[in-house]
Each structure stands twice: as C-alpha cells, then as structure tokens.
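Printed here is coords_38.cif (mmCIF, C-alpha atoms):
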```cif
data_my_file
#
loop_
_atom_site.group_PDB
_atom_site.id
_atom_site.type_symbol
_atom_site.label_atom_id
_atom_site.label_comp_id
_atom_site.auth_asym_id
_atom_site.auth_seq_id
_atom_site.Cartn_x
_atom_site.Cartn_y
_atom_site.Cartn_z
ATOM 1 C CA MET A 1 0.000 0.000 0.000
ATOM 2 C CA ASP A 2 2.225 2.792 -1.303
ATOM 3 C CA THR A 3 -0.304 4.974 -3.121
ATOM 4 C CA LEU A 4 -4.088 5.116 -3.196
ATOM 5 C CA LYS A 5 -5.849 7.464 -5.559
ATOM 6 C CA LEU A 6 -9.013 8.124 -7.526
ATOM 7 C CA ASN A 7 -10.477 4.826 -8.830
ATOM 8 C CA SER A 8 -8.397 2.665 -6.453
ATOM 9 C CA SER A 9 -10.453 0.036 -4.644
ATOM 10 C CA GLY A 10 -10.178 -2.704 -2.062
ATOM 11 C CA LYS A 11 -9.515 -3.237 1.625
ATOM 12 C CA ALA A 12 -6.680 -0.695 1.685
ATOM 13 C CA VAL A 13 -9.076 2.020 0.503
ATOM 14 C CA GLU A 14 -11.632 0.944 3.099
ATOM 15 C CA ARG A 15 -9.001 1.271 5.852
ATOM 16 C CA LEU A 16 -8.097 4.700 4.493
ATOM 17 C CA GLN A 17 -11.744 5.779 4.553
ATOM 18 C CA LYS A 18 -12.162 4.636 8.137
ATOM 19 C CA LYS A 19 -9.055 6.521 9.231
ATOM 20 C CA LEU A 20 -10.263 9.665 7.475
ATOM 21 C CA GLN A 21 -13.649 9.312 9.149
ATOM 22 C CA ALA A 22 -12.023 8.890 12.570
ATOM 23 C CA ALA A 23 -9.876 11.966 11.980
ATOM 24 C CA GLY A 24 -12.971 14.052 11.246
ATOM 25 C CA PHE A 25 -12.774 14.087 7.455
ATOM 26 C CA SER A 26 -15.733 12.096 6.190
ATOM 27 C CA PRO A 27 -15.298 10.417 2.798
ATOM 28 C CA GLY A 28 -18.981 9.455 2.728
ATOM 29 C CA ALA A 29 -19.450 5.704 2.474
ATOM 30 C CA THR A 30 -16.628 3.459 3.698
ATOM 31 C CA ASP A 31 -17.119 1.081 0.802
ATOM 32 C CA GLY A 32 -13.548 0.501 -0.406
ATOM 33 C CA ASP A 33 -14.011 2.597 -3.535
ATOM 34 C CA PHE A 34 -11.792 5.684 -3.891
ATOM 35 C CA GLY A 35 -14.240 8.111 -5.463
ATOM 36 C CA PRO A 36 -14.617 11.906 -5.457
ATOM 37 C CA GLY A 37 -15.815 11.919 -1.824
ATOM 38 C CA THR A 38 -12.719 10.103 -0.637
ATOM 39 C CA GLN A 39 -10.518 12.334 -2.766
ATOM 40 C CA ALA A 40 -12.074 15.457 -1.229
ATOM 41 C CA ALA A 41 -11.598 14.045 2.281
ATOM 42 C CA VAL A 42 -7.942 13.261 1.524
ATOM 43 C CA MET A 43 -7.398 16.798 0.243
ATOM 44 C CA ALA A 44 -9.016 18.311 3.338
ATOM 45 C CA PHE A 45 -6.834 16.136 5.561
ATOM 46 C CA GLN A 46 -3.728 17.115 3.608
ATOM 47 C CA GLN A 47 -4.578 20.790 3.975
ATOM 48 C CA SER A 48 -5.047 20.306 7.704
ATOM 49 C CA GLU A 49 -1.684 18.563 8.071
ATOM 50 C CA GLY A 50 0.295 20.940 5.863
ATOM 51 C CA LEU A 51 0.916 18.223 3.285
ATOM 52 C CA LEU A 52 1.014 18.652 -0.476
ATOM 53 C CA VAL A 53 -2.646 18.841 -1.489
ATOM 54 C CA ASP A 54 -2.887 16.450 -4.415
ATOM 55 C CA GLY A 55 -5.792 14.220 -3.360
ATOM 56 C CA VAL A 56 -3.529 11.167 -3.519
ATOM 57 C CA ALA A 57 -2.904 9.076 -0.422
ATOM 58 C CA GLY A 58 0.822 8.512 -0.841
ATOM 59 C CA PRO A 59 3.411 7.528 1.769
ATOM 60 C CA ARG A 60 3.336 10.820 3.678
ATOM 61 C CA THR A 61 -0.459 11.028 3.841
ATOM 62 C CA LEU A 62 -0.761 7.369 4.812
ATOM 63 C CA ALA A 63 1.906 7.803 7.494
ATOM 64 C CA ALA A 64 0.132 10.872 8.864
ATOM 65 C CA LEU A 65 -3.028 8.763 9.177
ATOM 66 C CA GLY A 66 -1.147 5.978 10.933
ATOM 67 C CA LEU A 67 -1.566 3.546 8.052
ATOM 68 C CA LYS A 68 2.119 3.337 7.184
ATOM 69 C CA LYS A 69 5.335 3.636 9.186
ATOM 70 C CA ASP A 70 7.716 4.524 6.378
ATOM 71 C CA ASP A 71 6.871 7.807 4.676
ATOM 72 C CA THR A 72 9.669 7.542 2.108
ATOM 73 C CA LEU A 73 8.472 8.799 -1.259
ATOM 74 C CA PRO A 74 8.722 6.508 -4.304
ATOM 75 C CA SER A 75 11.842 7.033 -6.406
ATOM 76 C CA VAL A 76 12.385 6.733 -10.156
ATOM 77 C CA LEU A 77 16.135 7.296 -9.974
ATOM 78 C CA ASP A 78 16.873 3.669 -10.831
ATOM 79 C CA GLN A 79 15.140 4.207 -14.184
ATOM 80 C CA MET A 80 17.372 7.117 -15.150
ATOM 81 C CA THR A 81 19.808 5.513 -17.571
ATOM 82 C CA PRO A 82 21.963 7.553 -19.969
ATOM 83 C CA ARG A 83 19.982 6.167 -22.885
ATOM 84 C CA LEU A 84 16.651 7.258 -21.412
ATOM 85 C CA VAL A 85 17.980 10.696 -20.457
ATOM 86 C CA SER A 86 19.454 11.117 -23.937
ATOM 87 C CA GLU A 87 15.884 10.994 -25.280
ATOM 88 C CA MET A 88 15.181 14.070 -23.155
ATOM 89 C CA PHE A 89 18.335 15.702 -24.583
ATOM 90 C CA PRO A 90 18.101 14.915 -28.309
ATOM 91 C CA GLN A 91 20.910 17.328 -29.302
ATOM 92 C CA THR A 92 23.361 16.318 -26.543
ATOM 93 C CA PRO A 93 26.315 13.916 -26.959
ATOM 94 C CA ILE A 94 25.485 10.833 -24.910
ATOM 95 C CA GLY A 95 29.060 10.792 -23.606
ATOM 96 C CA ASN A 96 28.385 13.998 -21.669
ATOM 97 C CA ILE A 97 25.294 12.409 -20.148
ATOM 98 C CA LYS A 98 27.189 9.236 -19.218
ATOM 99 C CA ASN A 99 29.902 11.281 -17.531
ATOM 100 C CA ASN A 100 27.681 13.625 -15.521
ATOM 101 C CA LEU A 101 24.390 11.799 -14.903
ATOM 102 C CA PRO A 102 25.755 9.673 -12.002
ATOM 103 C CA ALA A 103 26.619 12.807 -10.008
ATOM 104 C CA VAL A 104 23.142 14.224 -10.614
ATOM 105 C CA ILE A 105 21.440 10.984 -9.568
ATOM 106 C CA ASP A 106 23.563 10.752 -6.410
ATOM 107 C CA ALA A 107 22.797 14.366 -5.498
ATOM 108 C CA LEU A 108 19.050 13.985 -6.048
ATOM 109 C CA GLY A 109 19.002 10.785 -4.011
ATOM 110 C CA GLY A 110 20.936 12.432 -1.211
ATOM 111 C CA ALA A 111 18.398 15.273 -1.114
ATOM 112 C CA ASP A 112 15.402 12.888 -1.130
ATOM 113 C CA LEU A 113 14.321 14.183 -4.529
ATOM 114 C CA GLY A 114 13.750 10.872 -6.267
ATOM 115 C CA GLU A 115 10.070 11.371 -7.066
ATOM 116 C CA LYS A 116 9.222 11.548 -10.752
ATOM 117 C CA PRO A 117 8.146 15.232 -10.790
ATOM 118 C CA MET A 118 11.322 16.433 -9.078
ATOM 119 C CA VAL A 119 13.616 14.245 -11.179
ATOM 120 C CA LEU A 120 11.978 15.594 -14.326
ATOM 121 C CA MET A 121 12.284 19.095 -12.895
ATOM 122 C CA ALA A 122 16.007 18.617 -12.305
ATOM 123 C CA LEU A 123 16.759 17.205 -15.737
ATOM 124 C CA ALA A 124 14.557 19.709 -17.560
ATOM 125 C CA SER A 125 16.319 22.514 -15.657
ATOM 126 C CA ILE A 126 19.689 21.191 -16.792
ATOM 127 C CA ARG A 127 18.520 21.133 -20.379
ATOM 128 C CA ALA A 128 17.190 24.687 -20.117
ATOM 129 C CA GLU A 129 20.416 26.004 -18.587
ATOM 130 C CA THR A 130 23.075 23.878 -20.300
ATOM 131 C CA GLU A 131 21.831 21.591 -23.040
ATOM 132 C CA SER A 132 25.314 20.107 -23.289
ATOM 133 C CA PHE A 133 24.803 18.419 -19.877
ATOM 134 C CA LEU A 134 28.030 20.075 -18.778
ATOM 135 C CA PRO A 135 28.286 22.595 -15.919
ATOM 136 C CA ILE A 136 29.035 25.936 -17.545
ATOM 137 C CA SER A 137 29.587 29.606 -16.739
ATOM 138 C CA GLU A 138 27.097 32.244 -17.832
ATOM 139 C CA GLY A 139 27.999 34.048 -21.029
ATOM 140 C CA GLN A 140 27.936 37.789 -21.571
ATOM 141 C CA SER A 141 24.745 39.372 -22.867
ATOM 142 C CA ARG A 142 23.017 42.742 -22.979
ATOM 143 C CA PHE A 143 21.242 41.753 -19.763
ATOM 144 C CA ASN A 144 24.435 41.444 -17.724
ATOM 145 C CA THR A 145 26.947 43.705 -19.496
ATOM 146 C CA SER A 146 26.489 47.386 -20.356
ATOM 147 C CA PRO A 147 27.470 48.731 -23.812
ATOM 148 C CA GLY A 148 31.253 49.025 -23.757
ATOM 149 C CA GLY A 149 31.330 48.073 -20.096
ATOM 150 C CA LYS A 150 33.293 45.457 -18.236
ATOM 151 C CA PRO A 151 31.881 41.913 -18.362
ATOM 152 C CA PHE A 152 28.900 41.450 -16.033
ATOM 153 C CA ASP A 153 29.006 45.027 -14.761
ATOM 154 C CA LEU A 154 25.193 45.198 -14.754
ATOM 155 C CA TYR A 155 25.299 42.591 -11.973
ATOM 156 C CA ASP A 156 27.834 44.457 -9.823
ATOM 157 C CA PHE A 157 25.312 46.480 -7.815
ATOM 158 C CA ARG A 158 22.309 44.126 -7.973
ATOM 159 C CA LYS A 159 21.019 44.223 -4.393
ATOM 160 C CA ASN A 160 18.672 41.304 -5.025
ATOM 161 C CA LEU A 161 21.753 39.176 -5.801
ATOM 162 C CA GLY A 162 23.596 40.391 -2.720
ATOM 163 C CA ASN A 163 26.303 41.936 -4.873
ATOM 164 C CA ARG A 164 28.344 44.802 -3.420
ATOM 165 C CA GLY A 165 30.038 46.322 -6.459
ATOM 166 C CA PRO A 166 32.933 45.491 -8.810
ATOM 167 C CA SER A 167 33.818 42.749 -9.421
ATOM 168 C CA ASP A 168 30.958 40.800 -7.825
ATOM 169 C CA GLY A 169 29.077 40.622 -11.118
ATOM 170 C CA ALA A 170 31.829 38.670 -12.849
ATOM 171 C CA ASP A 171 32.925 36.750 -9.755
ATOM 172 C CA PHE A 172 29.442 35.500 -8.958
ATOM 173 C CA ARG A 173 27.992 35.110 -12.446
ATOM 174 C CA GLY A 174 25.846 32.082 -13.202
ATOM 175 C CA ARG A 175 27.607 28.721 -12.965
ATOM 176 C CA GLY A 176 26.875 25.015 -12.855
ATOM 177 C CA PHE A 177 23.785 23.057 -13.847
ATOM 178 C CA VAL A 178 21.411 25.491 -12.160
ATOM 179 C CA GLN A 179 23.338 28.700 -12.980
ATOM 180 C CA LEU A 180 23.820 29.779 -9.378
ATOM 181 C CA THR A 181 24.116 33.579 -9.516
ATOM 182 C CA GLY A 182 25.021 36.344 -7.066
ATOM 183 C CA ARG A 183 27.060 36.658 -3.893
ATOM 184 C CA ALA A 184 23.999 35.947 -1.727
ATOM 185 C CA ASN A 185 23.286 32.614 -3.413
ATOM 186 C CA TYR A 186 26.936 31.578 -3.427
ATOM 187 C CA THR A 187 27.123 32.373 0.288
ATOM 188 C CA GLN A 188 23.856 30.659 1.223
ATOM 189 C CA PHE A 189 24.302 27.493 -0.795
ATOM 190 C CA SER A 190 27.965 27.095 0.053
ATOM 191 C CA GLN A 191 26.733 26.694 3.624
ATOM 192 C CA VAL A 192 23.777 24.508 2.642
ATOM 193 C CA ILE A 193 25.974 21.936 0.878
ATOM 194 C CA GLY A 194 28.571 21.917 3.654
ATOM 195 C CA MET A 195 31.346 23.839 1.915
ATOM 196 C CA SER A 196 31.545 26.643 4.517
ATOM 197 C CA ASP A 197 32.579 29.725 2.526
ATOM 198 C CA ARG A 198 34.615 27.897 -0.115
ATOM 199 C CA LEU A 199 32.264 28.798 -2.965
ATOM 200 C CA VAL A 200 32.553 32.470 -2.065
ATOM 201 C CA LYS A 201 36.341 32.288 -2.006
ATOM 202 C CA ASN A 202 36.531 30.161 -5.149
ATOM 203 C CA PRO A 203 33.310 30.508 -7.206
ATOM 204 C CA GLU A 204 34.699 28.330 -10.037
ATOM 205 C CA LEU A 205 34.147 25.303 -7.795
ATOM 206 C CA ALA A 206 30.472 25.595 -8.770
ATOM 207 C CA ASN A 207 31.409 24.207 -12.192
ATOM 208 C CA GLN A 208 32.862 20.970 -10.837
ATOM 209 C CA PRO A 209 30.339 18.264 -11.821
ATOM 210 C CA ASP A 210 29.820 16.861 -8.306
ATOM 211 C CA VAL A 211 29.482 20.342 -6.794
ATOM 212 C CA ALA A 212 27.219 21.490 -9.635
ATOM 213 C CA ALA A 213 24.963 18.473 -9.118
ATOM 214 C CA THR A 214 24.829 19.009 -5.354
ATOM 215 C CA LEU A 215 23.975 22.681 -5.854
ATOM 216 C CA LEU A 216 21.194 21.764 -8.284
ATOM 217 C CA ALA A 217 19.671 19.362 -5.766
ATOM 218 C CA ALA A 218 20.010 21.851 -2.901
ATOM 219 C CA PHE A 219 18.415 24.638 -4.940
ATOM 220 C CA LEU A 220 15.473 22.424 -5.928
ATOM 221 C CA LYS A 221 15.086 21.150 -2.362
ATOM 222 C CA ASP A 222 14.852 24.726 -1.121
ATOM 223 C CA LYS A 223 11.874 25.328 -3.447
ATOM 224 C CA GLU A 224 10.471 21.785 -3.461
ATOM 225 C CA ARG A 225 6.991 22.545 -2.135
ATOM 226 C CA ALA A 226 6.360 25.488 -4.456
ATOM 227 C CA ILE A 227 7.703 23.519 -7.429
ATOM 228 C CA LYS A 228 5.459 20.534 -6.683
ATOM 229 C CA GLU A 229 2.422 22.789 -6.355
ATOM 230 C CA ALA A 230 3.163 24.335 -9.759
ATOM 231 C CA LEU A 231 3.699 20.933 -11.353
ATOM 232 C CA LEU A 232 0.396 19.651 -9.910
ATOM 233 C CA GLU A 233 -1.292 22.358 -11.979
ATOM 234 C CA ASP A 234 0.900 21.480 -14.978
ATOM 235 C CA ASP A 235 2.159 25.049 -14.744
ATOM 236 C CA LEU A 236 5.625 24.558 -16.206
ATOM 237 C CA ARG A 237 6.158 28.284 -16.673
ATOM 238 C CA THR A 238 5.846 28.919 -12.935
ATOM 239 C CA ALA A 239 7.976 25.881 -12.113
ATOM 240 C CA ARG A 240 10.681 27.202 -14.431
ATOM 241 C CA LYS A 241 10.433 30.690 -12.948
ATOM 242 C CA LEU A 242 10.997 29.308 -9.441
ATOM 243 C CA VAL A 243 14.449 28.164 -10.567
ATOM 244 C CA ASN A 244 15.410 30.712 -13.185
ATOM 245 C CA GLY A 245 13.522 33.775 -12.005
ATOM 246 C CA GLY A 246 12.106 34.160 -15.494
ATOM 247 C CA SER A 247 11.243 32.166 -18.601
ATOM 248 C CA HIS A 248 14.723 31.772 -20.129
ATOM 249 C CA GLY A 249 14.963 28.343 -21.761
ATOM 250 C CA LEU A 250 11.276 27.591 -21.183
ATOM 251 C CA ASP A 251 10.941 25.903 -24.574
ATOM 252 C CA ARG A 252 13.799 23.488 -23.848
ATOM 253 C CA PHE A 253 12.587 22.972 -20.287
ATOM 254 C CA THR A 254 9.069 22.125 -21.459
ATOM 255 C CA ASP A 255 10.259 19.812 -24.221
ATOM 256 C CA ALA A 256 12.527 17.861 -21.852
ATOM 257 C CA TYR A 257 9.845 17.604 -19.162
ATOM 258 C CA ARG A 258 7.192 16.361 -21.611
ATOM 259 C CA ARG A 259 9.564 13.834 -23.153
ATOM 260 C CA GLY A 260 10.563 12.496 -19.736
ATOM 261 C CA ASP A 261 6.976 12.333 -18.523
ATOM 262 C CA LYS A 262 6.181 9.893 -21.332
ATOM 263 C CA LEU A 263 9.305 7.801 -20.772
ATOM 264 C CA ILE A 264 9.214 7.281 -16.998
ATOM 265 C CA ASP A 265 6.638 5.081 -15.278
#
```
In structure tokens, what does this structure look like?
Amino acid sequence: MDTLKLNSSGKAVERLQKKLQAAGFSPGATDGDFGPGTQAAVMAFQQSEGLLVDGVAGPRTLAALGLKKDDTLPSVLDQMTPRLVSEMFPQTPIGNIKNNLPAVIDALGGADLGEKPMVLMALASIRAETESFLPISEGQSRFNTSPGGKPFDLYDFRKNLGNRGPSDGADFRGRGFVQLTGRANYTQFSQVIGMSDRLVKNPELANQPDVAATLLAAFLKDKERAIKEALLEDDLRTARKLVNGGSHGLDRFTDAYRRGDKLID
C-alpha cells in the first residue's frame, strides 16, 4: 500500500476511509471505492496537516493517518539511464550524459528528490540552462553587461543578488547546472551543501560536476513545495520561474519535461 488514488479500490481504501472518518474528514461511504468523496476528504486532511494537497494518499499522507510507518516517497532514480535521459536531450552527446548523470542521480538521491516530478524538474532545468549536460559559466549578454562596459558590470550592484560592487558581477555570475548567480546565493548554498565559505572564495568550484549536481539538488530542495504545487497544476512556466527567475529556456525545459513524462513510469 504505497499509493491510493481516484479509482483505487479494495480493503486498503476501506481502511483509508475509516481513518479519514475517525480523523474528522468524512469520505462518505466506507465502501472501499476511492471516489470523489474520498478524494475530497484526503485533500481536506492534507490541507489540515500541511501536506502537499494532491488528493492522492501517498506515503506521507498514509503515514500521517497511521496507516504506514515509512513515509519515504517513491523514487524513479533507478530508471534514469543515460539512454533514457538522452531521449530528453536529443541534441546532446550521450558521452556527456554518461559522464555527468551519475553525479546528478547521487545528489538527487541524497536530497530525497527521487520522485518523478522532481527528477523531471532537475533534468529539464539542466537542459534549459546547459543543453550540453556540462556545468558551464554564464555568457555575456546585454542583460548582464552594459554597452562598452566590463563583463557582467550590470550585476555588480544588484542588491537582489547580494552583490556589493565590482567585481561581484563577474565573480558570482551564473555557474553550474542550475546557474547559481550572485554573492547571496553563493554564500547561502555554500553553507547549505557543507562547503563553509569555499564557494565564495573560489566561485569556479560551482562548475565541478559533483558540486554542480549538489547545488542543483540543494536549490530544488529549497523550493520543493512550491515547485510541486506548480507541477500539480501542470504550470511549467511557474515551475521554471521558481528556478530561473524568469522564462529563459522555457521551450527546452518544457520539451525535456514532456519527453521524460512519457518515458518514466
């Protein structure tokens, strides 16, 4: 009994209905059929408990109801082979995927982000940011460099990035799989991933594949709830914005996510 949802049936659903009833969230009849009434009761219970409101009785909802001891979420990481991922990255050399995918899988597993939506989110984000499946540094553009100015000078005084002036823009430009940007993010996530202030002192470390993968997982973990809520509504634009701050690469992100959604069980 890992997941019960609309149209599920049997004794497990009946036990779920009885637990919901006892908790004060009536599903209507306790008949073993997971219909709209049971779904509504599950959603009300999830709202009450601060759980993701998806109307599905998964491990965390079942554990909260006392129907399951282990609330570990199901993982699809074992399905993520280079060949499968290459179908999400049709223009990318498979050698790059073979070299860097293991670090990404390890990082996602370590952050408890093995659920299908979050794995797709991670891989689609990589494709949007660096279709080569290689950690890279942000390139110059009119959005980060003034006409005739020094590289990344438009970032130097960006308060929202925590930058303090020259040469913070260039020092803390986007890097890695998630394009970590700005002194504030480098400082925060250096601490989050257990590197003390090493990323601040040596920002290029963010392009090392294992560090880049760990940063990607940490960044997604920080926004996990909001991302999942957007994905429940199939709102890929909002999900992308939560990572990128805008819609850059949305076409690649959407294409990779849709491809992966069809490939993964």
Show which residues sit within 12 Å of Phe25 of chain A, as a list in words. Count all atoms listed in the file, and ignore same-chain residues fewer than 2 positions away.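 Surrounding residues, per the criterion: Leu16, Gln17, Lys18, Lys19, Leu20, Gln21, Ala22, Ala23, Pro27, Gly28, Ala29, Thr30, Gly37, Thr38, Gln39, Ala40, Ala41, Val42, Met43, Ala44, Phe45, Gln46, Gln47, Ser48, Glu49 and Leu65 of chain A.
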Ground truth for the PyMOL selection byres ((chain A and resi 190) around 10), written as number ranges by chain: A: 184-189, 191-200, 203, 206, 211, 215, 218
Selection dump of the PyMOL selection byres ((chain A and resi 238-254) around 7), as a PyMOL selection string: chain A and resi 124-125+127-129+227+230-231+235-237+255-258
What does the file look like for those residues with C-alpha atoms, as a compact mmCIF listing (two decimals), keeping the file's coordinate frame?
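New file result-v5.txt:
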```
# COMPACT_ATOMS: atom_id res chain seq x y z
CA ALA A 124 14.56 19.71 -17.56
CA SER A 125 16.32 22.51 -15.66
CA ARG A 127 18.52 21.13 -20.38
CA ALA A 128 17.19 24.69 -20.12
CA GLU A 129 20.42 26.00 -18.59
CA ILE A 227 7.70 23.52 -7.43
CA ALA A 230 3.16 24.34 -9.76
CA LEU A 231 3.70 20.93 -11.35
CA ASP A 235 2.16 25.05 -14.74
CA LEU A 236 5.62 24.56 -16.21
CA ARG A 237 6.16 28.28 -16.67
CA ASP A 255 10.26 19.81 -24.22
CA ALA A 256 12.53 17.86 -21.85
CA TYR A 257 9.85 17.60 -19.16
CA ARG A 258 7.19 16.36 -21.61
```
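If you measure from each of A:Gly182, A:Pro59, A:Gly165, A:Pro117 to Glu229 of chain A using all atoms listed in the file, the closest one turns out to be A:Pro117.
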For atom CA of Thr181 of chain A and atom CA of Met121 of chain A, the interatomic separation in Å (one decimal):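 Distance between the two atoms: 19.0 Å.
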Place N, CA and C atoms on segment 209-222 of chain A and deliver the coordinates as a PDB file, keeping the file's coordinate frame.
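Here's the written file result.pdb:
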```pdb
ATOM      1  N   PRO A 209      31.576  19.034 -11.649  1.00  0.00           N
ATOM      2  CA  PRO A 209      30.339  18.264 -11.821  1.00  0.00           C
ATOM      3  C   PRO A 209      29.675  17.812 -10.522  1.00  0.00           C
ATOM      4  N   ASP A 210      30.451  17.318  -9.538  1.00  0.00           N
ATOM      5  CA  ASP A 210      29.820  16.861  -8.306  1.00  0.00           C
ATOM      6  C   ASP A 210      29.261  18.025  -7.507  1.00  0.00           C
ATOM      7  N   VAL A 211      29.969  19.149  -7.498  1.00  0.00           N
ATOM      8  CA  VAL A 211      29.482  20.342  -6.794  1.00  0.00           C
ATOM      9  C   VAL A 211      28.266  20.910  -7.522  1.00  0.00           C
ATOM     10  N   ALA A 212      28.335  20.971  -8.850  1.00  0.00           N
ATOM     11  CA  ALA A 212      27.219  21.490  -9.635  1.00  0.00           C
ATOM     12  C   ALA A 212      25.957  20.665  -9.412  1.00  0.00           C
ATOM     13  N   ALA A 213      26.112  19.347  -9.348  1.00  0.00           N
ATOM     14  CA  ALA A 213      24.963  18.473  -9.118  1.00  0.00           C
ATOM     15  C   ALA A 213      24.395  18.671  -7.713  1.00  0.00           C
ATOM     16  N   THR A 214      25.276  18.801  -6.730  1.00  0.00           N
ATOM     17  CA  THR A 214      24.829  19.009  -5.354  1.00  0.00           C
ATOM     18  C   THR A 214      24.125  20.347  -5.203  1.00  0.00           C
ATOM     19  N   LEU A 215      24.628  21.374  -5.879  1.00  0.00           N
ATOM     20  CA  LEU A 215      23.975  22.681  -5.854  1.00  0.00           C
ATOM     21  C   LEU A 215      22.599  22.628  -6.509  1.00  0.00           C
ATOM     22  N   LEU A 216      22.486  21.925  -7.619  1.00  0.00           N
ATOM     23  CA  LEU A 216      21.194  21.764  -8.284  1.00  0.00           C
ATOM     24  C   LEU A 216      20.183  21.141  -7.336  1.00  0.00           C
ATOM     25  N   ALA A 217      20.579  20.046  -6.685  1.00  0.00           N
ATOM     26  CA  ALA A 217      19.671  19.362  -5.766  1.00  0.00           C
ATOM     27  C   ALA A 217      19.295  20.251  -4.589  1.00  0.00           C
ATOM     28  N   ALA A 218      20.279  20.974  -4.045  1.00  0.00           N
ATOM     29  CA  ALA A 218      20.010  21.851  -2.901  1.00  0.00           C
ATOM     30  C   ALA A 218      19.074  22.987  -3.289  1.00  0.00           C
ATOM     31  N   PHE A 219      19.259  23.540  -4.482  1.00  0.00           N
ATOM     32  CA  PHE A 219      18.415  24.638  -4.940  1.00  0.00           C
ATOM     33  C   PHE A 219      16.983  24.157  -5.135  1.00  0.00           C
ATOM     34  N   LEU A 220      16.816  22.971  -5.724  1.00  0.00           N
ATOM     35  CA  LEU A 220      15.473  22.424  -5.928  1.00  0.00           C
ATOM     36  C   LEU A 220      14.826  22.050  -4.597  1.00  0.00           C
ATOM     37  N   LYS A 221      15.621  21.518  -3.677  1.00  0.00           N
ATOM     38  CA  LYS A 221      15.086  21.150  -2.362  1.00  0.00           C
ATOM     39  C   LYS A 221      14.556  22.376  -1.639  1.00  0.00           C
ATOM     40  N   ASP A 222      15.252  23.483  -1.786  1.00  0.00           N
ATOM     41  CA  ASP A 222      14.852  24.726  -1.121  1.00  0.00           C
ATOM     42  C   ASP A 222      13.484  25.209  -1.608  1.00  0.00           C
TER      43      ASP A 222
END
```
